[in-house]
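structure28.txt follows (compact mmCIF, C-alpha atoms and all ligand atoms):
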# COMPACT_ATOMS: atom_id res chain seq x y z
CA MET A 853 21.61 15.92 -27.30
CA HIS A 854 20.39 12.91 -25.30
CA SER A 855 18.54 13.83 -22.10
CA ALA A 856 21.20 12.02 -20.04
CA ARG A 857 24.10 13.80 -21.78
CA TRP A 858 22.85 17.35 -21.57
CA ASP A 859 25.21 20.06 -22.76
CA TRP A 860 24.38 22.99 -20.50
CA SER A 861 26.81 25.23 -22.38
CA TYR A 862 24.63 25.12 -25.52
CA ASP A 863 22.50 28.25 -25.84
CA MET A 864 19.01 27.27 -27.03
CA LYS A 865 17.77 30.82 -27.25
CA GLY A 866 16.09 31.41 -30.60
CA LYS A 867 16.94 27.91 -31.86
CA LYS A 868 14.72 25.66 -33.93
CA ILE A 869 14.54 22.39 -32.00
CA GLY A 870 13.20 18.93 -32.82
CA MET A 871 12.55 16.67 -29.81
CA ILE A 872 12.10 12.90 -30.23
CA GLY A 873 10.05 11.22 -27.53
CA ASN A 874 7.19 12.23 -25.24
CA GLY A 875 7.84 10.18 -22.08
CA ALA A 876 8.37 11.41 -18.51
CA THR A 877 11.68 13.01 -19.49
CA ALA A 878 10.32 14.81 -22.56
CA ALA A 879 7.37 16.08 -20.51
CA GLN A 880 9.83 17.81 -18.19
CA ILE A 881 12.10 19.14 -20.95
CA LEU A 882 9.47 20.55 -23.32
CA PRO A 883 7.92 23.24 -21.06
CA GLU A 884 11.41 24.61 -20.30
CA ILE A 885 12.97 24.65 -23.78
CA ALA A 886 9.78 25.97 -25.38
CA LYS A 887 10.19 29.15 -23.29
CA VAL A 888 13.51 30.03 -24.99
CA ALA A 889 13.53 28.27 -28.38
CA SER A 890 12.13 29.90 -31.50
CA SER A 891 10.19 26.66 -32.11
CA VAL A 892 10.00 23.07 -30.87
CA THR A 893 8.54 20.12 -32.77
CA VAL A 894 7.72 17.06 -30.64
CA TYR A 895 8.04 13.74 -32.47
CA GLN A 896 5.52 11.43 -30.81
CA ARG A 897 5.47 7.74 -31.73
CA SER A 898 2.69 6.84 -29.30
CA PRO A 899 0.66 9.01 -26.90
CA ASN A 900 0.83 8.79 -23.10
CA TRP A 901 -1.69 9.05 -20.29
CA VAL A 902 -0.96 12.40 -18.62
CA ILE A 903 -2.55 13.23 -15.25
CA PRO A 904 -2.35 16.46 -13.20
CA ARG A 905 0.54 16.93 -10.77
CA GLU A 906 -1.35 19.69 -8.96
CA ASP A 907 1.90 21.23 -7.90
CA LYS A 908 1.23 24.19 -5.67
CA ALA A 909 2.70 26.08 -2.72
CA VAL A 910 1.86 24.83 0.77
CA GLY A 911 -0.12 27.65 2.39
CA PRO A 912 0.60 29.21 5.82
CA LEU A 913 -2.40 27.53 7.53
CA LYS A 914 -1.34 24.04 6.42
CA ARG A 915 2.26 24.75 7.42
CA ALA A 916 1.12 25.88 10.88
CA VAL A 917 -1.08 22.78 11.31
CA PHE A 918 1.81 20.50 10.27
CA ARG A 919 4.23 22.35 12.56
CA TYR A 920 2.09 22.46 15.71
CA LEU A 921 0.00 19.30 15.31
CA PRO A 922 2.52 16.55 14.46
CA PRO A 923 -0.07 13.70 14.42
CA ILE A 924 -1.80 15.46 11.52
CA ARG A 925 1.53 15.72 9.70
CA TRP A 926 2.22 12.02 10.32
CA LYS A 927 -1.25 11.10 9.14
CA SER A 928 -0.91 13.25 6.04
CA ARG A 929 2.37 11.49 5.19
CA ALA A 930 0.76 8.08 5.76
CA LEU A 931 -2.18 9.05 3.54
CA MET A 932 0.27 9.79 0.71
CA MET A 933 1.57 6.23 1.03
CA ASP A 934 -2.01 4.86 1.17
CA PHE A 935 -2.92 6.80 -1.98
CA ARG A 936 0.17 5.64 -3.87
CA GLU A 937 -0.51 2.04 -2.87
CA SER A 938 -4.13 2.30 -4.02
CA PHE A 939 -2.75 3.44 -7.39
CA TYR A 940 -1.58 -0.17 -7.82
CA ASP A 941 -5.08 -1.17 -9.01
CA ALA A 942 -4.88 1.45 -11.76
CA VAL A 943 -1.58 0.27 -13.18
CA ILE A 944 -2.27 -3.44 -12.89
CA ASP A 945 -5.89 -3.70 -14.01
CA GLY A 946 -6.99 -1.60 -16.98
CA GLN A 947 -10.67 -2.23 -16.16
CA SER A 948 -10.43 -1.17 -12.50
CA PRO A 949 -12.40 1.92 -11.36
CA PHE A 950 -9.06 3.58 -10.59
CA ALA A 951 -7.88 3.04 -14.19
CA GLY A 952 -11.17 4.61 -15.33
CA MET A 953 -10.41 7.56 -13.07
CA ILE A 954 -6.96 7.98 -14.69
CA ARG A 955 -8.60 8.06 -18.15
CA GLU A 956 -11.08 10.69 -16.98
CA MET A 957 -8.40 12.80 -15.27
CA CYS A 958 -6.23 12.73 -18.38
CA ILE A 959 -9.01 13.57 -20.81
CA GLY A 960 -10.46 16.24 -18.49
CA GLN A 961 -7.07 17.94 -18.19
CA MET A 962 -6.42 17.67 -21.93
CA HIS A 963 -9.77 19.25 -22.84
CA ALA A 964 -9.29 22.02 -20.26
CA GLN A 965 -5.71 22.83 -21.27
CA LEU A 966 -6.18 22.41 -25.03
CA PRO A 967 -9.71 23.81 -25.48
CA GLY A 968 -11.32 23.12 -28.85
CA LYS A 969 -8.19 21.38 -30.26
CA GLU A 970 -9.94 18.21 -31.34
CA ASP A 971 -7.17 17.23 -33.78
CA LEU A 972 -4.69 17.28 -30.86
CA TRP A 973 -7.07 15.41 -28.51
CA GLN A 974 -7.18 12.58 -31.03
CA LYS A 975 -3.39 12.43 -31.40
CA LEU A 976 -2.76 12.70 -27.65
CA THR A 977 -5.25 10.04 -26.47
CA PRO A 978 -3.76 6.56 -25.92
CA ASP A 979 -5.66 3.41 -26.93
CA TYR A 980 -3.88 1.19 -24.37
CA ASN A 981 -4.52 0.67 -20.66
CA PRO A 982 -3.25 3.30 -18.19
CA GLY A 983 -0.19 1.87 -16.50
CA CYS A 984 0.96 -0.14 -19.52
CA LYS A 985 3.76 2.39 -19.61
CA ARG A 986 4.77 4.99 -17.12
CA ILE A 987 1.91 7.48 -16.53
CA ILE A 988 3.06 11.08 -16.97
CA ILE A 989 2.28 13.38 -14.04
CA SER A 990 2.40 16.95 -15.32
CA ASP A 991 0.51 20.23 -15.12
CA ASP A 992 2.49 21.90 -17.87
CA TYR A 993 2.93 19.37 -20.68
CA TYR A 994 -0.34 20.11 -22.49
CA PRO A 995 0.00 23.89 -21.99
CA ALA A 996 3.46 23.60 -23.60
CA ILE A 997 1.94 21.67 -26.53
CA ALA A 998 -0.65 24.48 -26.84
CA ARG A 999 2.03 27.16 -27.33
CA ASP A 1000 2.22 28.86 -30.72
CA ASN A 1001 5.89 27.90 -31.11
CA VAL A 1002 5.30 24.16 -30.38
CA SER A 1003 3.98 21.56 -32.82
CA LEU A 1004 3.26 17.86 -32.53
CA GLU A 1005 4.51 15.55 -35.29
CA THR A 1006 3.05 12.04 -35.34
CA ARG A 1007 4.24 10.87 -38.74
CA LYS A 1008 6.78 8.05 -38.58
CA ILE A 1009 10.44 9.10 -38.50
CA GLU A 1010 12.25 7.63 -41.51
CA ARG A 1011 15.76 8.92 -40.95
CA ILE A 1012 17.90 11.54 -39.29
CA THR A 1013 19.77 13.55 -41.90
CA GLU A 1014 22.72 15.93 -41.71
CA SER A 1015 20.36 18.87 -41.24
CA GLY A 1016 17.19 17.48 -39.67
CA ILE A 1017 14.55 14.75 -39.67
CA ASP A 1018 12.81 12.93 -42.55
CA VAL A 1019 9.30 11.69 -41.82
CA GLU A 1020 6.90 9.87 -44.12
CA GLY A 1021 6.13 12.52 -46.75
CA GLY A 1022 8.17 15.37 -45.27
CA HIS A 1023 11.43 16.82 -43.99
CA GLU A 1024 12.29 19.49 -41.45
CA ASP A 1025 15.64 21.16 -40.74
CA TYR A 1026 16.70 21.90 -37.13
CA ASP A 1027 19.46 23.67 -35.22
CA MET A 1028 19.31 21.04 -32.52
CA LEU A 1029 17.73 17.63 -31.83
CA VAL A 1030 16.77 16.54 -28.31
CA LEU A 1031 16.68 12.77 -27.86
CA ALA A 1032 14.34 12.06 -24.96
CA THR A 1033 14.30 8.49 -26.18
CA GLY A 1034 14.89 6.61 -22.93
CA PHE A 1035 17.45 4.07 -21.82
CA ARG A 1036 18.64 0.47 -22.21
CA THR A 1037 16.65 -0.95 -19.35
CA VAL A 1038 16.30 -4.68 -19.83
CA GLU A 1039 20.03 -5.42 -19.91
CA PHE A 1040 20.48 -5.17 -16.17
CA MET A 1041 23.98 -4.18 -15.11
CA HIS A 1042 25.12 -3.59 -18.70
CA PRO A 1043 28.05 -3.21 -19.52
CA ILE A 1044 29.51 -4.92 -16.40
CA LYS A 1045 30.65 -8.46 -17.18
CA ILE A 1046 30.02 -10.92 -14.35
CA ILE A 1047 31.25 -14.52 -14.28
CA GLY A 1048 29.53 -16.79 -11.77
CA ALA A 1049 30.37 -20.16 -10.19
CA ASN A 1050 32.05 -22.71 -12.50
CA GLY A 1051 32.81 -19.95 -15.02
CA ARG A 1052 29.14 -19.42 -15.89
CA PRO A 1053 28.66 -15.89 -17.27
CA LEU A 1054 25.70 -13.79 -16.20
CA SER A 1055 24.78 -13.30 -19.88
CA GLU A 1056 24.14 -17.08 -20.03
CA ILE A 1057 22.24 -17.17 -16.71
CA TRP A 1058 20.00 -14.37 -18.00
CA ASP A 1059 19.55 -15.76 -21.50
CA GLY A 1060 15.86 -15.13 -22.32
CA GLY A 1061 15.42 -12.36 -19.74
CA ALA A 1062 16.89 -11.13 -16.46
CA ARG A 1063 15.51 -12.78 -13.33
CA ALA A 1064 16.55 -12.90 -9.72
CA TYR A 1065 15.30 -14.11 -6.38
CA GLN A 1066 13.23 -11.24 -4.99
CA GLY A 1067 15.12 -8.97 -7.38
CA THR A 1068 18.27 -9.24 -5.29
CA CYS A 1069 20.16 -12.56 -5.65
CA VAL A 1070 20.98 -14.56 -8.76
CA GLU A 1071 21.44 -18.26 -9.51
CA ASP A 1072 25.10 -19.35 -9.57
CA LEU A 1073 26.36 -15.99 -8.26
CA PRO A 1074 27.66 -16.73 -4.73
CA ASN A 1075 27.49 -13.89 -2.19
CA PHE A 1076 26.13 -11.53 -4.81
CA GLY A 1077 23.39 -9.05 -4.05
CA MET A 1078 22.00 -6.10 -5.99
CA LEU A 1079 19.62 -3.21 -5.45
CA TYR A 1080 16.83 -2.37 -7.96
CA GLY A 1081 17.37 -5.62 -9.85
CA PRO A 1082 14.89 -7.46 -12.11
CA ASN A 1083 11.19 -7.08 -11.26
CA THR A 1084 11.63 -4.44 -8.59
CA ASN A 1085 10.55 -1.37 -10.55
CA LEU A 1086 7.12 0.16 -9.87
CA GLY A 1087 4.52 2.09 -11.83
CA HIS A 1088 2.58 3.19 -8.77
CA ASN A 1089 4.83 4.09 -5.85
CA SER A 1090 8.36 5.08 -4.87
CA ILE A 1091 11.32 2.85 -5.77
CA ILE A 1092 13.10 4.11 -2.64
CA LEU A 1093 10.75 1.92 -0.58
CA MET A 1094 11.80 -1.12 -2.62
CA ILE A 1095 15.50 -0.31 -2.26
CA GLU A 1096 15.12 0.13 1.51
CA SER A 1097 13.64 -3.38 1.74
CA GLN A 1098 16.42 -4.82 -0.41
CA SER A 1099 19.04 -3.10 1.69
CA ARG A 1100 17.66 -4.64 4.90
CA TYR A 1101 17.32 -8.08 3.31
CA LEU A 1102 20.83 -8.08 1.81
CA ASN A 1103 22.27 -6.89 5.13
CA GLY A 1104 20.76 -10.02 6.67
CA LEU A 1105 22.71 -12.17 4.21
CA ILE A 1106 25.87 -10.09 4.50
CA SER A 1107 25.83 -10.26 8.30
CA ALA A 1108 25.92 -14.09 8.14
CA VAL A 1109 28.90 -14.02 5.73
CA LEU A 1110 30.73 -11.47 7.89
CA ALA A 1111 30.08 -13.51 11.04
CA ALA A 1112 31.74 -16.50 9.34
CA ARG A 1113 34.70 -14.37 8.26
CA ARG A 1114 35.16 -13.00 11.76
CA SER A 1115 35.77 -16.56 12.94
CA SER A 1116 38.15 -17.16 9.99
CA ARG A 1117 35.67 -19.37 8.17
CA SER A 1118 34.05 -19.06 4.78
CA LEU A 1119 30.39 -18.94 3.87
CA SER A 1120 28.91 -18.98 0.39
CA LEU A 1121 25.22 -18.25 -0.24
CA LYS A 1122 23.52 -18.84 -3.59
CA PRO A 1123 19.74 -18.82 -4.10
CA LYS A 1124 18.38 -22.28 -4.97
CA PRO A 1125 17.43 -22.55 -8.69
CA ASP A 1126 14.06 -24.16 -7.89
CA VAL A 1127 13.25 -21.35 -5.43
CA ILE A 1128 14.10 -18.73 -8.08
CA LYS A 1129 12.04 -20.59 -10.68
CA ALA A 1130 8.97 -20.87 -8.45
CA TYR A 1131 9.27 -17.23 -7.40
CA ASN A 1132 9.51 -15.99 -10.99
CA GLU A 1133 6.65 -18.19 -12.19
CA ARG A 1134 4.49 -16.78 -9.43
CA ILE A 1135 5.20 -13.13 -10.27
CA GLN A 1136 5.07 -13.65 -14.05
CA ALA A 1137 1.60 -15.23 -13.72
CA VAL A 1138 0.38 -11.93 -12.23
CA LEU A 1139 2.40 -9.70 -14.56
CA GLN A 1140 1.27 -11.41 -17.75
CA ASN A 1141 -2.34 -10.54 -16.86
CA SER A 1142 -1.55 -6.96 -15.90
CA SER A 1143 -1.75 -3.67 -17.82
CA PHE A 1144 2.04 -3.84 -18.25
CA ALA A 1145 1.46 -6.76 -20.64
CA ASP A 1146 -1.10 -4.91 -22.80
CA PRO A 1147 0.10 -5.73 -26.34
CA LYS A 1148 -1.10 -2.32 -27.55
CA CYS A 1149 1.92 -0.60 -25.98
CA ASN A 1150 5.68 -1.00 -25.81
CA SER A 1151 7.56 0.11 -22.75
CA TRP A 1152 10.89 -0.13 -21.03
CA TYR A 1153 9.24 -2.51 -18.53
CA LYS A 1154 9.47 -5.49 -20.90
CA ASN A 1155 11.94 -7.14 -23.26
CA LYS A 1156 11.50 -7.78 -26.97
CA ASP A 1157 9.67 -11.06 -26.25
CA GLY A 1158 7.12 -9.23 -24.09
CA ILE A 1159 8.47 -10.68 -20.81
CA ILE A 1160 8.13 -8.09 -18.06
CA THR A 1161 11.62 -8.11 -16.58
CA ASN A 1162 11.46 -4.76 -14.82
CA ASN A 1163 8.30 -4.42 -12.77
CA TRP A 1164 7.25 -5.90 -9.46
CA SER A 1165 3.91 -7.70 -9.53
CA GLY A 1166 2.38 -6.52 -6.26
CA THR A 1167 2.07 -3.61 -3.86
CA VAL A 1168 5.04 -2.14 -2.00
CA VAL A 1169 3.73 -3.42 1.34
CA GLU A 1170 3.56 -6.96 -0.08
CA TYR A 1171 7.18 -6.67 -1.22
CA GLN A 1172 8.30 -5.20 2.11
CA GLN A 1173 6.59 -8.04 3.98
CA GLN A 1174 8.16 -10.65 1.73
CA LEU A 1175 11.67 -9.25 2.28
CA SER A 1176 11.23 -8.66 6.00
CA GLU A 1177 12.52 -12.15 6.69
CA VAL A 1178 15.66 -13.89 5.41
CA ASP A 1179 15.03 -17.62 5.09
CA PHE A 1180 18.35 -19.41 4.70
CA ASP A 1181 16.52 -22.48 3.41
CA ASP A 1182 16.11 -20.52 0.16
CA TYR A 1183 19.90 -20.69 -0.30
CA ILE A 1184 22.55 -23.25 -1.19
CA ILE A 1185 24.94 -22.86 1.71
CA GLU A 1186 28.59 -23.86 1.35
CA GLY A 1187 31.87 -23.25 3.19
CA ASP A 1188 33.36 -24.28 6.52
CA GLY A 1189 31.47 -21.46 8.25
CA ALA A 1190 28.10 -22.87 7.22
CA ASN A 1191 27.44 -25.02 10.27
CA ALA A 1192 28.96 -22.66 12.81
CA VAL A 1193 26.97 -19.67 11.60
CA MET A 1194 23.83 -21.19 10.20
CA GLY A 1195 23.46 -24.27 12.38
CA GLY A 1196 20.81 -24.89 15.01
CA SER A 1197 17.62 -22.91 14.95
CA LYS A 1198 18.97 -19.82 13.16
CA ARG A 1199 17.50 -20.63 9.75
CA LYS A 1200 15.50 -17.42 9.56
CA ILE A 1201 16.23 -13.85 10.55
CA ASN A 1202 13.67 -11.12 10.84
CA VAL A 1203 15.02 -7.93 9.27
CA GLY A 1204 11.73 -6.01 9.58
CA ARG A 1205 10.40 -3.35 7.28
CA VAL A 1206 9.78 0.37 7.13
CA VAL A 1207 6.11 1.05 7.89
CA GLU A 1208 4.85 4.07 5.97
CA GLU A 1209 1.18 3.26 5.50
CA SER A 1210 -1.63 4.38 7.86
CA GLN A 1211 -1.76 2.52 11.16
CA VAL A 1212 -4.55 4.61 12.60
CA SER A 1213 -7.78 5.35 10.73
CA LEU A 1214 -9.08 8.88 10.29
CA THR A 1215 -12.13 7.97 12.42
CA THR A 1216 -9.90 6.78 15.28
CA MET A 1217 -7.88 9.99 14.97
CA ALA A 1218 -11.04 12.13 14.99
CA VAL A 1219 -12.48 10.24 18.00
CA THR A 1220 -9.12 10.56 19.83
CA ALA A 1221 -8.91 14.28 18.98
CA VAL A 1222 -12.47 14.85 20.29
CA GLY A 1223 -11.61 12.80 23.40
CA VAL A 1224 -8.41 14.80 24.04
CA ALA A 1225 -10.28 18.07 23.47
CA ALA A 1226 -13.07 16.98 25.88
CA LEU A 1227 -10.49 15.93 28.48
CA ALA A 1228 -8.61 19.22 28.12
CA GLY A 1229 -11.90 21.15 28.27
CA GLY A 1230 -12.97 19.20 31.38
CA MET A 1231 -9.65 19.85 33.13
CA LEU A 1232 -9.84 23.55 32.25
CA LEU A 1233 -13.37 23.76 33.65
CA ARG A 1234 -12.36 21.94 36.85
CA ASN A 1235 -9.36 24.22 37.31
CA THR A 1236 -11.53 27.31 36.77
CA ARG A 1237 -14.08 26.11 39.39
CA PHE A 1238 -11.27 25.23 41.78
CA MET A 1239 -9.74 28.69 41.37
CA GLU A 1240 -13.17 30.28 41.89
CA SER A 1241 -13.73 28.23 45.07
CA VAL A 1242 -10.27 29.26 46.34
CA ARG A 1243 -11.13 32.91 45.69
CA VAL A 1244 -14.54 32.53 47.49
CA ARG A 1245 -12.81 31.01 50.55
N1 LIG A 1301 10.44 10.95 -11.44
C1 LIG A 1301 10.51 11.73 -12.49
O1 LIG A 1301 10.16 12.90 -12.42
C2 LIG A 1301 11.03 11.19 -13.78
C3 LIG A 1301 11.25 12.05 -14.84
C4 LIG A 1301 11.76 11.53 -16.01
C5 LIG A 1301 12.01 10.17 -16.12
N2 LIG A 1301 11.78 9.36 -15.07
C6 LIG A 1301 12.00 7.90 -15.15
O2 LIG A 1301 12.75 7.55 -16.31
C7 LIG A 1301 11.97 6.66 -17.09
C8 LIG A 1301 12.33 6.83 -18.55
O3 LIG A 1301 11.71 8.00 -19.05
P1 LIG A 1301 12.13 8.58 -20.46
O4 LIG A 1301 11.09 9.56 -20.82
O5 LIG A 1301 13.55 9.03 -20.40
O6 LIG A 1301 12.12 7.32 -21.41
P2 LIG A 1301 10.88 6.44 -21.96
O7 LIG A 1301 9.76 6.44 -20.99
O8 LIG A 1301 11.48 5.15 -22.37
O9 LIG A 1301 10.39 7.26 -23.22
C9 LIG A 1301 11.14 7.28 -24.41
C10 LIG A 1301 10.37 8.06 -25.45
O10 LIG A 1301 11.10 8.07 -26.66
C11 LIG A 1301 10.31 7.49 -27.70
N3 LIG A 1301 11.22 6.79 -28.60
C12 LIG A 1301 12.21 5.94 -28.26
N4 LIG A 1301 12.84 5.49 -29.36
C13 LIG A 1301 12.21 6.08 -30.41
C14 LIG A 1301 12.39 6.00 -31.81
N5 LIG A 1301 13.34 5.22 -32.35
N6 LIG A 1301 11.57 6.72 -32.60
C15 LIG A 1301 10.61 7.50 -32.07
N7 LIG A 1301 10.38 7.62 -30.75
C16 LIG A 1301 11.19 6.90 -29.92
C17 LIG A 1301 9.33 6.59 -27.00
O11 LIG A 1301 8.22 6.34 -27.83
P3 LIG A 1301 7.23 5.08 -27.51
O12 LIG A 1301 6.46 5.48 -26.28
O13 LIG A 1301 6.39 4.96 -28.71
O14 LIG A 1301 8.12 3.89 -27.29
C18 LIG A 1301 9.00 7.43 -25.77
O15 LIG A 1301 8.10 8.46 -26.07
C19 LIG A 1301 10.53 7.01 -16.73
O16 LIG A 1301 9.61 6.02 -17.03
C20 LIG A 1301 10.66 7.24 -15.24
O17 LIG A 1301 10.67 6.01 -14.55
C21 LIG A 1301 11.29 9.85 -13.89

Re-express the file's structure as structure tokens.
Ligand SMILES: NC(=O)c1ccc[n+]([C@@H]2O[C@H](COP(=O)([O-])OP(=O)(O)OC[C@H]3O[C@@H](n4cnc5c(N)ncnc54)[C@H](OP(=O)(O)O)[C@@H]3O)[C@@H](O)[C@H]2O)c1
Amino acid sequence: MHSARWDWSYDMKGKKIGMIGNGATAAQILPEIAKVASSVTVYQRSPNWVIPREDKAVGPLKRAVFRYLPPIRWKSRALMMDFRESFYDAVIDGQSPFAGMIREMCIGQMHAQLPGKEDLWQKLTPDYNPGCKRIIISDDYYPAIARDNVSLETRKIERITESGIDVEGGHEDYDMLVLATGFRTVEFMHPIKIIGANGRPLSEIWDGGARAYQGTCVEDLPNFGMLYGPNTNLGHNSIILMIESQSRYLNGLISAVLAARRSSRSLSLKPKPDVIKAYNERIQAVLQNSSFADPKCNSWYKNKDGIITNNWSGTVVEYQQQLSEVDFDDYIIEGDGANAVMGGSKRKINVGRVVEESQVSLTTMAVTAVGVAALAGGMLLRNTRFMESVRVR
């Protein structure tokens, strides 16, 4: 059963299960199936960095503070964004202090949750930089590995047989196999066939690796825009933020095309090949020196030639800023609506961005809170004296 084609009608109770893979998906599946199966064997090809999720209930005091003091809630939300953005250093630079912190968090959790299991520590500790592949965030993966009915198999899989799995020097029979083996990620838009201008197929445009202008628009594809295209995935923050930026940016392009159509004219926009080339050279220069490129790990972020086709090279805020403006000079503009719509000074439109990061520092907030409290206290005191003087009179 592949993780994406789950058969919920299959009863796993008491079954002997083999699970291939130990990525983010496997880390979520294992703790659940281990509770009902008679046994689960995890087939791990390479270990992952696993850090604590620290999932816990939000207590009544925190809820009350968030409910009655909205600025604290806003600040708390902004701090989450700030923290996720600071995570960028960890996934991009294996020698950064943050990457060191990830190593320590992982090893600390592993030793605490698998006490004394030195053989497992060795098998579960990666030798590549944190961030080279997706970091697993889980409180219950190692405890699941520690269960009596779970075992970790690190010998190479040789073949799947009618009844189970052959590894180097061994075989095991199973009732069920779980394939948490991931997805086809570097063939963007597979299996949709797209033919561009002059009959040029997308497969030819993307020969050697998918690339796009800002992850949204593609050479020789007029009036084509996509969300979550090449080099817009992240290892450190939420993809939703990237998609929001793309949506705003593409709406800027679409609005120009629609304006032309409203006046019964046509407008075709294609990103300039030299602009796409320069853009991709710039991001690849960063990516090729990042943890994603660490040759000691394979991941779904890169293609078979090691070109990182999936991940963005910077922070989310950098991406949001870049896409906050549509510059029509980046496009080949054709059609009889071109001059009417794009003429004059309207070569750029500002589409803005969603601002999630902190705008006010904690110190400013604390000083403001003290100021407000002092003001309120002062007013209360004045009112009390006034009332006393009224009573005296
Ligand atoms: N937000 C969430 O909570 C969440 C949860 C799950 C998934 N996701 C997203 O989905 C992405 C994909 O996760 P995923 O776990 O489904 O896939 P994945 O990260 O690509 O992991 C696939 C796993 O299968 C192993 N594998 C693949 N082919 C194999 C083979 N032929 N023999 C042995 N092992 C093999 C891989 O080993 P190697 O590591 O050695 O290649 C890896 O452990 C994640 O990175 C994440 O972005 C998100």

For ligand LIG 1301 (chain A), take all atoms listed in the file, fit an axis-aligned box around them, add 5 Å to each of the six sides, then output centre and edge lengths in Å rounded to one decimal, as lines of an AutoDock Vina configuration file.
center_x = 10.0
center_y = 8.4
center_z = -22.0
size_x = 17.2
size_y = 19.0
size_z = 31.2

Each residue of chain A lying at most 6 Å from ligand LIG 1301 (chain A) should get a row with its shortest atom-to-atom pair and the distance in Å to one decimal, counting all atoms listed in the file; could you produce that, ordered by chain and increasing number, as a Markdown table?
| residue | atom | partner | partner_atom | distance |
| --- | --- | --- | --- | --- |
| A:Ile872 | CA | A:LIG1301 | N7 | 5.6 |
| A:Gly873 | CA | A:LIG1301 | O10 | 3.4 |
| A:Asn874 | CA | A:LIG1301 | O15 | 4.0 |
| A:Gly875 | CA | A:LIG1301 | O4 | 3.5 |
| A:Ala876 | CA | A:LIG1301 | O4 | 4.0 |
| A:Thr877 | CA | A:LIG1301 | O4 | 3.7 |
| A:Ala878 | CA | A:LIG1301 | O4 | 5.6 |
| A:Arg897 | CA | A:LIG1301 | O13 | 4.2 |
| A:Ser898 | CA | A:LIG1301 | O13 | 4.2 |
| A:Arg986 | CA | A:LIG1301 | O16 | 4.9 |
| A:Ala1032 | CA | A:LIG1301 | O10 | 5.4 |
| A:Thr1033 | CA | A:LIG1301 | O10 | 3.3 |
| A:Gly1034 | CA | A:LIG1301 | O6 | 3.2 |
| A:Asn1150 | CA | A:LIG1301 | O14 | 5.7 |
| A:Ser1151 | CA | A:LIG1301 | O14 | 5.9 |
| A:Trp1152 | CA | A:LIG1301 | O8 | 5.5 |

Considering all atoms listed in the file, tabulate each residue of stretch 1161-1208 of chain A that lies at most 9 Å from stretch 939-948 of chain A along with its nearest interatomic pair and the corresponding distance in Å to one decimal; arrange the rows by chain and ascending residue number and present them as CSV.
residue,atom,partner,partner_atom,distance
A:Ser1165,CA,A:Ile944,CA,8.2
A:Gly1166,CA,A:Tyr940,CA,7.6
A:Thr1167,CA,A:Tyr940,CA,6.4

(request) Using all atoms listed in the file, pick whichever of A:Thr1068, A:Phe1180, A:Glu1170, A:Ser1097 has the shortest atom-to-atom distance to A:Ser1120. (result) A:Phe1180

(request) Using only C-alpha atoms, determine which residues lie at most 12 Å from A:Glu956, disregarding the query and same-chain residues fewer than 3 positions distant; provide the list as an NGL selection string. (result) :A and (901-904 or 949-953 or 959-964 or 977 or 982)

(message) Within 8 Å of (22.6, -17.0, -8.5) in the file's own coordinates, which protein, DNA or RNA residues have an atom, counting all atoms listed in the file? List them as a list in words.
(response)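 Final list of nearby residues, as requested, is Gly1048, Ala1064, Cys1069, Val1070, Glu1071, Asp1072, Leu1073, Pro1074, Phe1076, Lys1122, Pro1123, Lys1124 and Pro1125 of chain A.
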
(request) Please provide the set of residues having any atom within 12 Å of A:Pro1147, restricted to only C-alpha atoms, with same-chain residues fewer than 2 positions apart removed, written as a PyMOL selection string. (result) chain A and resi 979-981+984-985+1140-1145+1149-1151+1154+1156-1160

(request) Tell me which of A:Ala886, A:Asn1085, A:Phe1040, A:Ile1091 sits closest to A:Met864, counting only C-alpha atoms. (result) A:Ala886

(request) Tell me which protein, DNA and RNA residues are within 12 Å of A:Ile1044, counting all atoms listed in the file, leaving out same-chain ones fewer than 3 positions away, and put them as number ranges by chain. (result) A: 1039-1041, 1047, 1053-1055

Restricting the output to C-alpha atoms, write the selected residues as a PDB file, keeping the file's coordinate frame.
ATOM      1  CA  GLU A1039      20.030  -5.420 -19.910  1.00  0.00           C
ATOM      2  CA  PHE A1040      20.480  -5.170 -16.170  1.00  0.00           C
ATOM      3  CA  MET A1041      23.980  -4.180 -15.110  1.00  0.00           C
ATOM      4  CA  ILE A1047      31.250 -14.520 -14.280  1.00  0.00           C
ATOM      5  CA  PRO A1053      28.660 -15.890 -17.270  1.00  0.00           C
ATOM      6  CA  LEU A1054      25.700 -13.790 -16.200  1.00  0.00           C
ATOM      7  CA  SER A1055      24.780 -13.300 -19.880  1.00  0.00           C
TER       8      SER A1055
END

(request) Would you kindly return, as a ChimeraX atom specification, each protein, DNA or RNA residue with an atom no farther than 12 Å from any atom of A:Val917, considering only C-alpha atoms and excluding same-chain residues fewer than 6 positions away? (result) /A:910-911,923-928

Name the residues, using the chain letters and numbers of the file, that sit within 9 Å of (7.5, 7.2, -39.2) when counting all atoms listed in the file, and give them as a CSV table (one decimal) with C-alpha atoms, in the frame of the given file.
chain,number,residue,atom,x,y,z
A,897,ARG,CA,5.5,7.7,-31.7
A,1006,THR,CA,3.0,12.0,-35.3
A,1007,ARG,CA,4.2,10.9,-38.7
A,1008,LYS,CA,6.8,8.0,-38.6
A,1009,ILE,CA,10.4,9.1,-38.5
A,1010,GLU,CA,12.2,7.6,-41.5
A,1011,ARG,CA,15.8,8.9,-41.0
A,1018,ASP,CA,12.8,12.9,-42.6
A,1019,VAL,CA,9.3,11.7,-41.8
A,1020,GLU,CA,6.9,9.9,-44.1
